[in-house]
Amino acid sequence: MPILSFVLKRVIQAGFVLVAVTLFVSFAIRLTGDPAVMMLRESANVTPEDLARIREGLGLNRPFLVQYWDFITGLLTGDLGASFFRGAIGPLVSDALGATLLLALTSLAVSLVISIPLGIYAATHRGSFGDQLVRVLSLAGLSFPNFWLGIMLVLIFSVTLRWLPPSGFMGPASLIMPAVTIGVILTSTNLRIVRTTMLDVLSSQFIMVARAKGLSQTAVIYKHALRNSSIALVTYLGLQFGSLMGGLVVVELVFNWPGMGTLAIEAIAQRDYPILQTVISILAVMIVAVNLLVDLTYMLLDPRIRLE
Amino acid sequence: MTTLHTRLLTAALAASTALVAAPALAEGTLTVAQRQDPANWDPTDTFLVAWGSVASNIYDGLVRRDENLELQPGLAESWEVSEDGMTIRFNLRQGVSFHNGEPFDAEAVKYTFDRLLGEVGAAGPQQSNYTTVESVEIVDEHTVEFKMAQPDPVILTKLSGYGAMIVPPDYIEEMGQEHFDMNPVGTGPFKFVRYEQGARIELEANPDYFEGAPELDKLVFRFIREDATRLAELQSGGVDIVSDVAFSAVPTIEASDNAEIVAVSGPTIYSLALKTKDAVTEDVRVRRALNMAVDKQALIDAFLAGRGTPIASLQGELSFGHDPELEGYPFDPEQAMALLKEAGVAPGTEMTIDYRAGNSTFNEVAQALTGFFAAVGLNVGLNPIEDGVFLNEIVPQGRTNEMFQFSWGGWTFDFDNTAYLSYHEGEKWNPYGTSEEMNELLDEQRSSPDQALREEILQEVANLAHEEAYHIPLYNEQTVYAVADRVEGFVPAPDKRLRLTEVGVAE
Amino acid sequence: MSETTAPILTVENLSIAFGATEAVRGLSFEVPRGGTLAIVGESGSGKSVTSMAAMGLLKFTGGRVTSGSIRLNGPSGETEITGASEADLRRIRGNRVSMIFQEPMTSLDPVFTIGSQIGEALKLHRGLRGKAARDEAARLLELVRLPNARAQLDRYPHQLSGGMRQRVMIAMAVSCRPDLLIADEPTTALDVTIQAQILQIIRDMQEEFGTSVIFISHDMGVVSEMADEIVVMRHGEMVEAGPAEEVILRPKADYTRALMAAVPKIGAMQGAEAPRKFDLPGQAAAEAGDHPAPERGEPLVRLEKVTTRYDITSGFFGRVSHRVHAAEDVSFEIHPGETLALVGESGSGKSTVGKTLQQLVAPVSGRILYRGTDILSLDPTQRQRFKREIQYIFQDPYGSLNPRKTVKQSLTEPMATHGLLKDADAQVAELLTSVGLRPEHAGRYPHEFSGGQRQRIAIARALAVDPGLIIADEAVSALDVSVQAQVINLMMDIQARRGLAYLFISHDMAVVERVSHRVAVMYLGEIVEMGTRRQIFENPQHPYTKRLLRAVPVMDPTRPPERVTLTGDIPSPVRAVGDPRRSHGFVEVAPGHLLADNHENFEQYREGIAS
């Protein structure tokens with residue numbers, strides 16, 4: 001039962017991570033500003049009683065640990081509670097999470113569909129013109145800041161050509177530009193990873209052995225080499241997840257995508273503690289979950305780890 | 001960053017506008033893009049201009065303030081204020097219904113104010129504006145009487161404010177508070193249709209509106225946080241009106257051939273408050289010298305694309321209490337230097353400006369101000385501070401440096417609002433105190449129901465503040481909208497409430 | 001009839017180039033039908049490249065045939081490999097010609113099971129699928145004597161030892177009954193007893209299928225056991241060719257003679273008391289005099305019952321469940337000027353003893369005395385001095401030299417650390433001269449040197465701090481034979497000059513016989529037999545020592561290879577916590593000749609552990 005024990009271990013670790021992250025976030029955000037003051041900042045004649053009244057209304061007059069306990073038990077029982085300003089958090093977060101995942105997974109899928117065949121091509125035609133082109137393009141892709149690329153796409157495809165809506169989520173067409181913006185960066189890095197690991201694997205002796213058996217180029221590449229390089233790719237994707245989420249925040253902002261990033265930015269602006277706590281907890285859980293998933297995929301792909 | 005992005009975009013926009021074809025929007029539908037989603041449509045729960053621009057089309061108050069800041073009858077046809085200012089009687093408009101069919105009557109008015117002043121209102125920011133109201137009494141089905149706890153000279157203006165929007169009692173009781181937050185119902189010219197948090201709210205014309213149906217069939221507000229993205233939506237025909245336009249983008253819109261800039265003097269003024277205690281600025285001569293060191297018009301031209309007016313006191317021209325006779329300190333660096341010398345301030349003396357980080361325009365203004373002060377021999381540094389800290393810790397505790405940002409948008413357009421909080425003892429924005437005389441003047445106008453007298457006193461307050469040079473008043477900002485050419489009849493109100501009953505779109 | 005007697009493979013005037021560099025020039029040879037042709041040469045001789053060309057795999061390594069022909073003469077006629085289409089080549093590869101590679105650890109795809117990897121060739125060339133393929137794969141594994149053949153099908157390469165993997169490779173290579181089997185250094189990475197087994201299996205397969213073999217090796221002993229014909233190559237050209245007996249016993253070319261002289265031959269030292277340098281051509285005869293005997297008296301180093309173990313954790317709480325018993329109760333002495341050889345196979349613990357002595361790992365128990373001082377009981381600052389006294393040379397000189405430092409920097413650094421730096425330039429020049437390099441080499445970087453030169457630099461670095469003992473851990477194993485002989489001669493010269501002691505850790509019995517004064521044989525962390533070189537090599541007592549010596553290939557083509565019993569692997573030194581130790585004492589069979597007192601139970605004992 002090494003896998004079960006492994007998963008159990010990781011889930012318990014995840015629990016600790018979650019408590020540590022949420023405790024820190026809940027505590028830290030309360031240092032950054034009082035939502036009551038933020039609420040009343042444009043009001044004249046604010047009395048301390050007004051502030052106290054609002055704090056009480058928001059439940060902020062209770063001790064920090066009581067507030068935290070309510071939050072964490074709510075989180076664990078699936079009751080996400082209510083925002084200070086925006087009603088129930090559950091539907092809010094599930095919509096935003098859906099939008100973010102849609103964007104992230106589309107970008108990822110597109111980037112894999114592009115980067116795997118191109119990376120394989122570049123690796124198997126090392127030094128050719130095509131390989132050079134792939135390398136130059138991936139370097140160029142890496143050099144674009146998300147923000148700049150997003151704005152350029154908007155200028156070309158929305159403002160000038162009027163083919164695509166510049167922002168918001170209004171049908172599948174809205175998905176194209178944000179997904180491409182994230183996808184370009186993802187594709188560029190994935191392309192490099194696929195190419196390098198492929199080159200590495202292709203120089204392994206077992207590839208030569210596979211060729212010596214009389215296997216065709218297709219079987220050698222797509223069966224032996226790809227399976228082996230996918231181990232490195234999966235590891236990399238797991239590591240990339242955190243920065244992918246960071247990049248998503250920027251891209252969501254540019255395209256006004258109704259995702260977790262936009263939600264978090266609004267929540268920060270309003271010092272909406274409940275939303276921010278929830279968003280960050282979910283991100284923490286996701287990062288832990290993705291890493292667990294990566295480890296499990298790893299086990300699936302690599303018997304050396306599975307059967308240790 | 002935002003400025004950079006906006007510039008980048010505007011530069012590119014300038015190049016691309018020539019290629020832009022006519023917009024292709026649905027007939028009779030107007031789409032407005034604004035920065036923020038207020039996220040909650042309950043009038044008691046909000047303090048955001050972003051709420052007012054949308055919800056002014058859904059709700060009505062008893063009174064309404066028009067584009068010229070004149071009070072007009074709203075859901076009340078007429079009103080009488082008692083001699084002592086302690087009772088106000090409203091005669092309500094008859095035959096009006098809420099969008100859900102529920103009739104509007106005295107019961108609804110009482111319900112609205114009981115709610116605002118009671119438990120529901122206590123959790124929101126609006127209640128504090130209306131604490132001068134003791135209670136609302138029903139006289140008959142179409143008449144109510146407001147009992148005041150104390151006279152409030154601006155109560156009528158406040159009754160046009162957000163918190164005093166009349167809400168439907170039965171609807172709220174039946175559907176519950178949370179449902180109301182997300183599904184607003186009022187008596188206004190547009191009915192709520194659909195709301196997607198963080199993205200958009202859609203309204204449709206209310207054909208039975210008591211002032212007649214609006215021109216438009218449909219009104220959509222979209223919430224787009226990024227400045228550059230809002231403008232891209234305008235340029236690509238996705239929206240018709242963009243609010244919160246950055247000043248740096250103004251020249252580009254002016255140069256484009258399918259949109260124009262529409263601007264109106266807003267409520268917001270910018271100034272630097274001066275530390276009158278335990279600092280070199282304790283000396284009034286130094287404070288005057290600082291005033292003379294600044295060329296306000298140059299700031300407006302450089303950073304506001306000319307969309308602003310220099311001010312002599314902490315109010316714009318539209319404000320009640322504005323004194324057209326009062327002239328600000330002239331821009332006169334030589335005299336400033338003479339005054340500094342007289343006050344014994346050595347050249348190279350160091351001072352610091354505390355200001356709220358995050359506003360890119362004021363950030364640039366602050367940089368320029370250090371240049372003006374350098375020209376009179378002062379070595380002034382900048383200290384940007386995060387909003388929460390600035391508002392909670394620095395200003396009210398009197399822990400500022402010699403100069404600190406004071407910007408305020410008194411939505412009532414009554415100088416009382418700004419002046420009281422800046423000059424009266426014990427107020428948040430007056431950590432260093434002014435004078436007994438000032439306190440008395442402010443108290444006197446507050447308790448007087450006589451508007452002429454009040455205006456006189458407020459002008460005196462402004463003059464006194466000018467003499468003492470408590471602040472360096474800088475400018476009154478205009479509110480800038482970018483409007484597509486197909487939009488007809490758009491007249492923005494100075495208070496940033498977009499009431500779009502008269503607006504239409506070209507076929 | 002002529003078809004069956006014609007050579008299976010004819011190579012004519014073959015030239016191969018990598019870019020502008022020629023790797024092979026004008027090579028011609030024939031592989032006799034049913035016989036074995038060995039291609040012998042040192043690194044860079046072009047022997048492996050030739051085998052890739054014969055498989056038509058050259059293009060995947062970046063090389064190309066520039067001229068000449070390679071003709072495969074099979075039952076269905078002749079095929080010109082150099083001109084064949086990729087589709088034709090794929091039908092030939094793994095089917096009519098198959099190959100066994102050097103590194104069994106990396107020859108199998110780590111993510112597929114053994115069964116599926118054997119199945120690939122069976123499906124491709126014999127059309128077998130499903131159960132039929134599985135049955136055939138199991139049969140093939142039985143053929144190469146893999147224990148529990150059927151169960152092995154579902155295992156992954158990493159679950160098998162190197163020897164087992166090489167058996168799988170052989171099974172895979174013979175799965176389609178090839179006409180020609182190319183074995184490229186098939187045993188180089190394996191322990192000597194395992195090597196003997198693998199060679200036996202290749203001979204068995206050859207007999208079973210009548211397959212012709214091209215056997216590529218640098219090891220003359222192995223070649224002598226396997227080959228009918230020998231081709232000697234050097235720098236891409238053929239130096240000499242002929243029947244095995246002729247080439248080995250009566251080499252004609254100078255290079256071949258030099259090569260033979262450099263090969264350590266087991267048994268060559270019979271009767272000699274002292275170690276002896278290799279008699280290399282060009283070396284002054286006077287230099288090859290008697291090697292000085294060590295000083296008896298106070299030992300330089302003395303190990304007393306040193307035990308070193310590594311913990312293996314498992315389970316949820318990381319509990320220690322098993323321990324690697326890397327060294328158990330190891331005791332020996334080394335005298336000044338003496339070479340003690342520590343021999344044994346993988347997992348015997350010989351390297352662990354070296355690391356423990358150099359204080360790289362801490363022992364669980366026991367004492368290490370250096371000139372009578374117990375260095376483990378000293379505080380860290382005092383220990384520093386003993387780190388200087390005991391230096392280390394590793395197998396891979398490239399890995400142990402910092403590639404970003406010049407030779408001078410690498411040499412002066414340890415001197416500075418131990419406060420021995422006086423006149424850097426002069427000291428470096430002297431060190432370089434003493435290892436046969438020139439003082440002007442001081443400013444160069446490691447990559448500018450050959451493997452042998454790098455090992456000389458590593459020796460110079462060890463000498464820099466004037467140690468009493470150098471631990472040479474497989475220090476010459478990675479070197480070509482001729483270079484190996486030079487480095488060994490150098491080490492012996494230095495010993496003669498400086499009275500240095502060596503702990504010479506090696507798996508190569510022939511080299512050990514050449515260099516050592518005394519020998520300790522290790523097996524599963526324990527010394528099983530120890531004595532003078534003559535006692536161990538001429539009168540071995542322990543069954544394991546005997547087995548080890550028997551497994552060493554003898555360079556005598558007149559003697560038919562001895563039949564090897566195909567037992568399993570070397571058992572593992574990993575034991576569960578609480579598993580009772582089976583310690584043993586020693587009997588002194590002759591003065592200074594110690595033998596484990598449980599040697600009679602050896603066969604039983606190893607079966608017990610292995611199971």
# chains A, B, ... in the order shown; residues from 1 in each chain; ligands from 1
>>> interface_residues(of="chain C", to="chain A", cutoff="9 Å", atoms="only C-alpha atoms", output="number ranges by chain")
C: 55-57, 60-61, 86-87, 89-95, 97-101, 103, 106-113, 117, 120-121, 124-125, 156-159, 172-173, 315-316
>>> write_last_selection(atoms="N, CA and C atoms", output="short mmCIF file (atom, residue, chain, number, x, y, z; two decimals), in the first residue's frame")
data_model
loop_
_atom_site.label_atom_id
_atom_site.label_comp_id
_atom_site.auth_asym_id
_atom_site.auth_seq_id
_atom_site.Cartn_x
_atom_site.Cartn_y
_atom_site.Cartn_z
N MET C 55 24.76 -2.14 -38.20
CA MET C 55 23.32 -2.18 -37.92
C MET C 55 22.55 -1.17 -38.76
N GLY C 56 23.28 -0.34 -39.52
CA GLY C 56 22.61 0.75 -40.23
C GLY C 56 22.10 1.81 -39.28
N LEU C 57 22.69 1.91 -38.08
CA LEU C 57 22.22 2.87 -37.07
C LEU C 57 23.11 4.10 -37.02
N PHE C 60 21.85 7.73 -36.73
CA PHE C 60 21.27 8.22 -35.47
C PHE C 60 22.32 8.69 -34.49
N THR C 61 23.57 8.39 -34.79
CA THR C 61 24.65 8.86 -33.91
C THR C 61 25.33 10.08 -34.50
N GLU C 86 15.62 2.68 -45.22
CA GLU C 86 15.31 2.57 -43.80
C GLU C 86 14.31 1.44 -43.55
N ALA C 87 13.37 1.27 -44.47
CA ALA C 87 12.37 0.21 -44.30
C ALA C 87 13.03 -1.17 -44.33
N LEU C 89 16.19 -1.75 -43.65
CA LEU C 89 17.03 -1.86 -42.47
C LEU C 89 16.21 -2.26 -41.25
N ARG C 90 14.98 -1.71 -41.15
CA ARG C 90 14.14 -2.05 -40.00
C ARG C 90 13.78 -3.52 -40.01
N ARG C 91 13.64 -4.09 -41.21
CA ARG C 91 13.35 -5.52 -41.28
C ARG C 91 14.56 -6.34 -40.87
N ILE C 92 15.74 -5.79 -41.09
CA ILE C 92 16.97 -6.52 -40.74
C ILE C 92 17.27 -6.40 -39.25
N ARG C 93 17.14 -5.14 -38.72
CA ARG C 93 17.52 -4.89 -37.33
C ARG C 93 16.65 -5.68 -36.36
N GLY C 94 17.29 -6.28 -35.43
CA GLY C 94 16.56 -7.01 -34.40
C GLY C 94 16.06 -8.34 -34.91
N ASN C 95 16.16 -8.54 -36.20
CA ASN C 95 15.64 -9.73 -36.83
C ASN C 95 16.80 -10.58 -37.34
N VAL C 97 20.02 -9.15 -37.82
CA VAL C 97 21.19 -8.68 -37.07
C VAL C 97 20.69 -8.05 -35.78
N SER C 98 21.21 -8.46 -34.66
CA SER C 98 20.78 -7.81 -33.43
C SER C 98 22.00 -7.48 -32.58
N MET C 99 21.75 -6.72 -31.53
CA MET C 99 22.88 -6.13 -30.85
C MET C 99 22.68 -6.14 -29.34
N ILE C 100 23.79 -6.34 -28.63
CA ILE C 100 23.80 -6.20 -27.17
C ILE C 100 24.73 -5.03 -26.85
N PHE C 101 24.25 -4.13 -26.01
CA PHE C 101 25.03 -2.92 -25.76
C PHE C 101 25.83 -3.02 -24.47
N GLU C 103 26.04 -0.91 -21.73
CA GLU C 103 25.53 -0.53 -20.43
C GLU C 103 24.19 -1.20 -20.15
N THR C 106 21.32 1.03 -18.70
CA THR C 106 20.57 2.03 -19.46
C THR C 106 20.06 1.49 -20.79
N SER C 107 20.19 0.19 -21.01
CA SER C 107 19.79 -0.34 -22.31
C SER C 107 18.30 -0.63 -22.41
N LEU C 108 17.65 -0.74 -21.25
CA LEU C 108 16.22 -1.05 -21.27
C LEU C 108 15.44 0.21 -20.91
N ASP C 109 14.30 0.38 -21.59
CA ASP C 109 13.46 1.54 -21.30
C ASP C 109 12.89 1.40 -19.89
N PRO C 110 13.17 2.36 -19.01
CA PRO C 110 12.78 2.21 -17.61
C PRO C 110 11.27 2.17 -17.37
N VAL C 111 10.47 2.65 -18.33
CA VAL C 111 9.04 2.75 -18.03
C VAL C 111 8.20 1.62 -18.62
N PHE C 112 8.84 0.65 -19.30
CA PHE C 112 8.06 -0.48 -19.79
C PHE C 112 8.54 -1.77 -19.14
N THR C 113 7.64 -2.74 -19.05
CA THR C 113 8.02 -3.99 -18.41
C THR C 113 8.97 -4.76 -19.33
N GLN C 117 8.94 -5.20 -23.52
CA GLN C 117 10.09 -4.83 -24.36
C GLN C 117 10.59 -6.00 -25.20
N GLU C 120 7.97 -6.47 -28.07
CA GLU C 120 8.03 -5.55 -29.22
C GLU C 120 8.69 -6.19 -30.43
N ALA C 121 9.86 -6.81 -30.19
CA ALA C 121 10.58 -7.43 -31.30
C ALA C 121 9.82 -8.64 -31.83
N LEU C 124 7.00 -7.41 -33.94
CA LEU C 124 7.46 -6.75 -35.15
C LEU C 124 7.96 -7.75 -36.18
N HIS C 125 8.80 -8.70 -35.75
CA HIS C 125 9.45 -9.56 -36.73
C HIS C 125 8.85 -10.94 -36.83
N TYR C 156 9.94 -4.41 -13.94
CA TYR C 156 10.55 -3.29 -14.67
C TYR C 156 12.06 -3.38 -14.56
N PRO C 157 12.76 -2.77 -15.51
CA PRO C 157 14.23 -2.88 -15.53
C PRO C 157 14.88 -2.54 -14.19
N HIS C 158 14.39 -1.49 -13.50
CA HIS C 158 15.08 -1.08 -12.29
C HIS C 158 14.99 -2.13 -11.19
N GLN C 159 14.10 -3.09 -11.36
CA GLN C 159 13.97 -4.13 -10.34
C GLN C 159 14.98 -5.25 -10.54
N MET C 172 16.41 -10.63 -25.65
CA MET C 172 15.78 -9.78 -26.64
C MET C 172 16.53 -9.88 -27.96
N ALA C 173 17.86 -9.89 -27.87
CA ALA C 173 18.68 -9.88 -29.07
C ALA C 173 18.53 -11.19 -29.86
N GLY C 315 7.81 3.53 5.19
CA GLY C 315 6.52 3.68 5.86
C GLY C 315 6.21 5.11 6.22
N PHE C 316 5.10 5.28 6.88
CA PHE C 316 4.52 6.59 7.14
C PHE C 316 5.40 7.48 7.99
#
>>> residues_around(residues="C:Ala478", least_positions_apart="6", cutoff="9 Å", atoms="only C-alpha atoms", output="list in words")
Gln395, Asp396, Gly451 and Gln484 of chain C
>>> write_last_selection(atoms="N, CA and C atoms", output="PDB file, in the first residue's frame")
ATOM      1  N   GLN C 395      37.552   7.113  -9.101  1.00  0.00           N
ATOM      2  CA  GLN C 395      37.519   6.464 -10.404  1.00  0.00           C
ATOM      3  C   GLN C 395      37.440   7.486 -11.525  1.00  0.00           C
ATOM      4  N   ASP C 396      36.600   8.515 -11.316  1.00  0.00           N
ATOM      5  CA  ASP C 396      36.323   9.461 -12.395  1.00  0.00           C
ATOM      6  C   ASP C 396      37.072  10.761 -12.134  1.00  0.00           C
ATOM      7  N   GLY C 451      41.975  11.419 -20.351  1.00  0.00           N
ATOM      8  CA  GLY C 451      41.572  10.754 -19.109  1.00  0.00           C
ATOM      9  C   GLY C 451      42.776  10.355 -18.255  1.00  0.00           C
ATOM     10  N   GLN C 484      46.206   2.707 -18.364  1.00  0.00           N
ATOM     11  CA  GLN C 484      46.103   2.102 -17.041  1.00  0.00           C
ATOM     12  C   GLN C 484      47.467   1.603 -16.579  1.00  0.00           C
TER      13      GLN C 484
END
>>> residues_around(residues="stretch 42-44 of chain C", least_positions_apart="5", cutoff="8 Å", atoms="only C-alpha atoms", output="PyMOL selection string")
chain C and resi 23+218+233-236+480-481
>>> write_last_selection(atoms="C-alpha atoms", output="CSV table (one decimal), in the first residue's frame")
chain,number,residue,atom,x,y,z
C,23,ALA,CA,36.4,7.9,-37.3
C,218,HIS,CA,38.9,-3.7,-24.9
C,233,MET,CA,41.9,-1.4,-34.3
C,234,ARG,CA,43.6,1.9,-33.4
C,235,HIS,CA,42.6,5.4,-34.3
C,236,GLY,CA,40.0,4.2,-36.8
C,480,ASP,CA,42.3,2.2,-21.4
C,481,VAL,CA,44.7,-0.7,-20.7
>>> select_by_dssp(residues="stretch 101-229 of chain B", states="strand (DSSP E)", output="ChimeraX atom specification")
/B:133-140,143-148,190-196,200-205,218-223
>>> write_last_selection(atoms="N, CA and C atoms", output="mmCIF file, in the first residue's frame")
data_model
loop_
_atom_site.group_PDB
_atom_site.id
_atom_site.type_symbol
_atom_site.label_atom_id
_atom_site.label_comp_id
_atom_site.auth_asym_id
_atom_site.auth_seq_id
_atom_site.Cartn_x
_atom_site.Cartn_y
_atom_site.Cartn_z
ATOM 1 N N VAL B 133 -32.034 62.382 11.329
ATOM 2 C CA VAL B 133 -33.464 62.052 11.234
ATOM 3 C C VAL B 133 -33.840 61.202 12.447
ATOM 4 N N GLU B 134 -34.864 61.656 13.169
ATOM 5 C CA GLU B 134 -35.307 60.916 14.351
ATOM 6 C C GLU B 134 -36.214 59.772 13.916
ATOM 7 N N SER B 135 -37.264 60.146 13.150
ATOM 8 C CA SER B 135 -38.177 59.108 12.692
ATOM 9 C C SER B 135 -38.995 59.634 11.524
ATOM 10 N N VAL B 136 -39.680 58.709 10.860
ATOM 11 C CA VAL B 136 -40.589 59.074 9.767
ATOM 12 C C VAL B 136 -41.993 58.655 10.189
ATOM 13 N N GLU B 137 -42.927 59.603 10.143
ATOM 14 C CA GLU B 137 -44.310 59.311 10.545
ATOM 15 C C GLU B 137 -45.204 59.327 9.316
ATOM 16 N N ILE B 138 -46.161 58.375 9.281
ATOM 17 C CA ILE B 138 -47.133 58.363 8.181
ATOM 18 C C ILE B 138 -48.289 59.279 8.561
ATOM 19 N N VAL B 139 -48.535 60.241 7.697
ATOM 20 C CA VAL B 139 -49.676 61.126 7.953
ATOM 21 C C VAL B 139 -50.912 60.534 7.299
ATOM 22 N N ASP B 140 -50.799 60.266 6.017
ATOM 23 C CA ASP B 140 -51.814 59.473 5.334
ATOM 24 C C ASP B 140 -51.112 58.691 4.247
ATOM 25 N N THR B 143 -48.784 60.997 2.388
ATOM 26 C CA THR B 143 -48.111 62.084 3.096
ATOM 27 C C THR B 143 -47.273 61.493 4.229
ATOM 28 N N VAL B 144 -46.003 61.982 4.318
ATOM 29 C CA VAL B 144 -45.180 61.553 5.449
ATOM 30 C C VAL B 144 -44.554 62.784 6.100
ATOM 31 N N GLU B 145 -44.193 62.588 7.375
ATOM 32 C CA GLU B 145 -43.522 63.667 8.080
ATOM 33 C C GLU B 145 -42.221 63.151 8.650
ATOM 34 N N PHE B 146 -41.116 63.871 8.371
ATOM 35 C CA PHE B 146 -39.825 63.523 8.949
ATOM 36 C C PHE B 146 -39.652 64.282 10.247
ATOM 37 N N LYS B 147 -39.438 63.575 11.343
ATOM 38 C CA LYS B 147 -39.129 64.214 12.626
ATOM 39 C C LYS B 147 -37.609 64.228 12.773
ATOM 40 N N MET B 148 -37.063 65.447 13.012
ATOM 41 C CA MET B 148 -35.613 65.562 13.086
ATOM 42 C C MET B 148 -35.126 65.493 14.532
ATOM 43 N N PHE B 190 -35.410 52.727 -15.214
ATOM 44 C CA PHE B 190 -35.014 51.444 -15.783
ATOM 45 C C PHE B 190 -35.255 50.329 -14.776
ATOM 46 N N LYS B 191 -35.647 49.157 -15.338
ATOM 47 C CA LYS B 191 -35.880 47.986 -14.490
ATOM 48 C C LYS B 191 -34.670 47.065 -14.565
ATOM 49 N N PHE B 192 -34.421 46.462 -13.440
ATOM 50 C CA PHE B 192 -33.335 45.475 -13.386
ATOM 51 C C PHE B 192 -33.704 44.226 -14.185
ATOM 52 N N VAL B 193 -32.751 43.723 -14.995
ATOM 53 C CA VAL B 193 -32.994 42.492 -15.743
ATOM 54 C C VAL B 193 -32.063 41.374 -15.264
ATOM 55 N N ARG B 194 -30.797 41.662 -15.244
ATOM 56 C CA ARG B 194 -29.847 40.576 -15.013
ATOM 57 C C ARG B 194 -28.559 41.151 -14.456
ATOM 58 N N TYR B 195 -27.910 40.419 -13.570
ATOM 59 C CA TYR B 195 -26.645 40.882 -13.008
ATOM 60 C C TYR B 195 -25.661 39.737 -12.970
ATOM 61 N N GLU B 196 -24.503 39.952 -13.570
ATOM 62 C CA GLU B 196 -23.416 38.974 -13.449
ATOM 63 C C GLU B 196 -22.322 39.635 -12.650
ATOM 64 N N ARG B 200 -21.246 42.470 -15.471
ATOM 65 C CA ARG B 200 -22.214 43.376 -16.087
ATOM 66 C C ARG B 200 -23.540 43.377 -15.345
ATOM 67 N N ILE B 201 -24.286 44.461 -15.547
ATOM 68 C CA ILE B 201 -25.677 44.497 -15.109
ATOM 69 C C ILE B 201 -26.494 45.019 -16.278
ATOM 70 N N GLU B 202 -27.643 44.371 -16.509
ATOM 71 C CA GLU B 202 -28.478 44.787 -17.628
ATOM 72 C C GLU B 202 -29.805 45.329 -17.109
ATOM 73 N N LEU B 203 -30.210 46.459 -17.692
ATOM 74 C CA LEU B 203 -31.472 47.100 -17.314
ATOM 75 C C LEU B 203 -32.314 47.265 -18.569
ATOM 76 N N GLU B 204 -33.649 47.336 -18.364
ATOM 77 C CA GLU B 204 -34.489 47.662 -19.521
ATOM 78 C C GLU B 204 -35.396 48.821 -19.155
ATOM 79 N N ALA B 205 -35.899 49.499 -20.179
ATOM 80 C CA ALA B 205 -36.704 50.704 -19.951
ATOM 81 C C ALA B 205 -37.947 50.365 -19.124
ATOM 82 N N LYS B 218 -32.743 49.620 -23.708
ATOM 83 C CA LYS B 218 -31.952 48.777 -22.843
ATOM 84 C C LYS B 218 -30.696 49.529 -22.425
ATOM 85 N N LEU B 219 -30.301 49.288 -21.193
ATOM 86 C CA LEU B 219 -29.115 49.964 -20.668
ATOM 87 C C LEU B 219 -28.231 48.906 -20.004
ATOM 88 N N VAL B 220 -26.980 48.856 -20.424
ATOM 89 C CA VAL B 220 -26.066 47.845 -19.881
ATOM 90 C C VAL B 220 -24.859 48.548 -19.265
ATOM 91 N N PHE B 221 -24.496 48.128 -18.067
ATOM 92 C CA PHE B 221 -23.248 48.607 -17.477
ATOM 93 C C PHE B 221 -22.274 47.453 -17.427
ATOM 94 N N ARG B 222 -21.072 47.697 -17.914
ATOM 95 C CA ARG B 222 -20.042 46.654 -17.790
ATOM 96 C C ARG B 222 -18.945 47.140 -16.866
ATOM 97 N N PHE B 223 -18.437 46.211 -16.066
ATOM 98 C CA PHE B 223 -17.413 46.564 -15.084
ATOM 99 C C PHE B 223 -16.062 46.074 -15.572
#
>>> interface_residues(of="chain B", to="chain A", cutoff="7 Å", atoms="only C-alpha atoms", output="list in words")
Ser16, Leu19, Val20, Ala39, Asn40, Phe47, Ala122, Ala123, Gly124, Pro125, Ser128, Glu178, Gly198, Ala199, Ile224, Arg225, Glu226, Thr229, Ala232, Glu233, Gln235, Ser236, Gly388, Val389, Asn417 and Leu421 of chain B
>>> select_by_dssp(residues="stretch 355-426 of chain C", states="helix (DSSP H, G or I)", output="VMD selection string")
chain C and resid 355 to 357 375 to 377 380 to 389 397 to 400 407 to 417 424 to 426
>>> residues_around(residues="stretch 312-319 of chain B", least_positions_apart="4", cutoff="10 Å", atoms="only C-alpha atoms", output="PyMOL selection string")
chain B and resi 68-69+265-271+291+308+323-330+406-416+418-419+422+459+461-466+469-478+494
>>> residues_around(residues="C:Leu469", least_positions_apart="4", cutoff="12 Å", atoms="only C-alpha atoms", output="PyMOL selection string")
chain C and resi 299-302+333-340+354+357-358+370-371+386-393+459+462-463+465+494-495+498-504
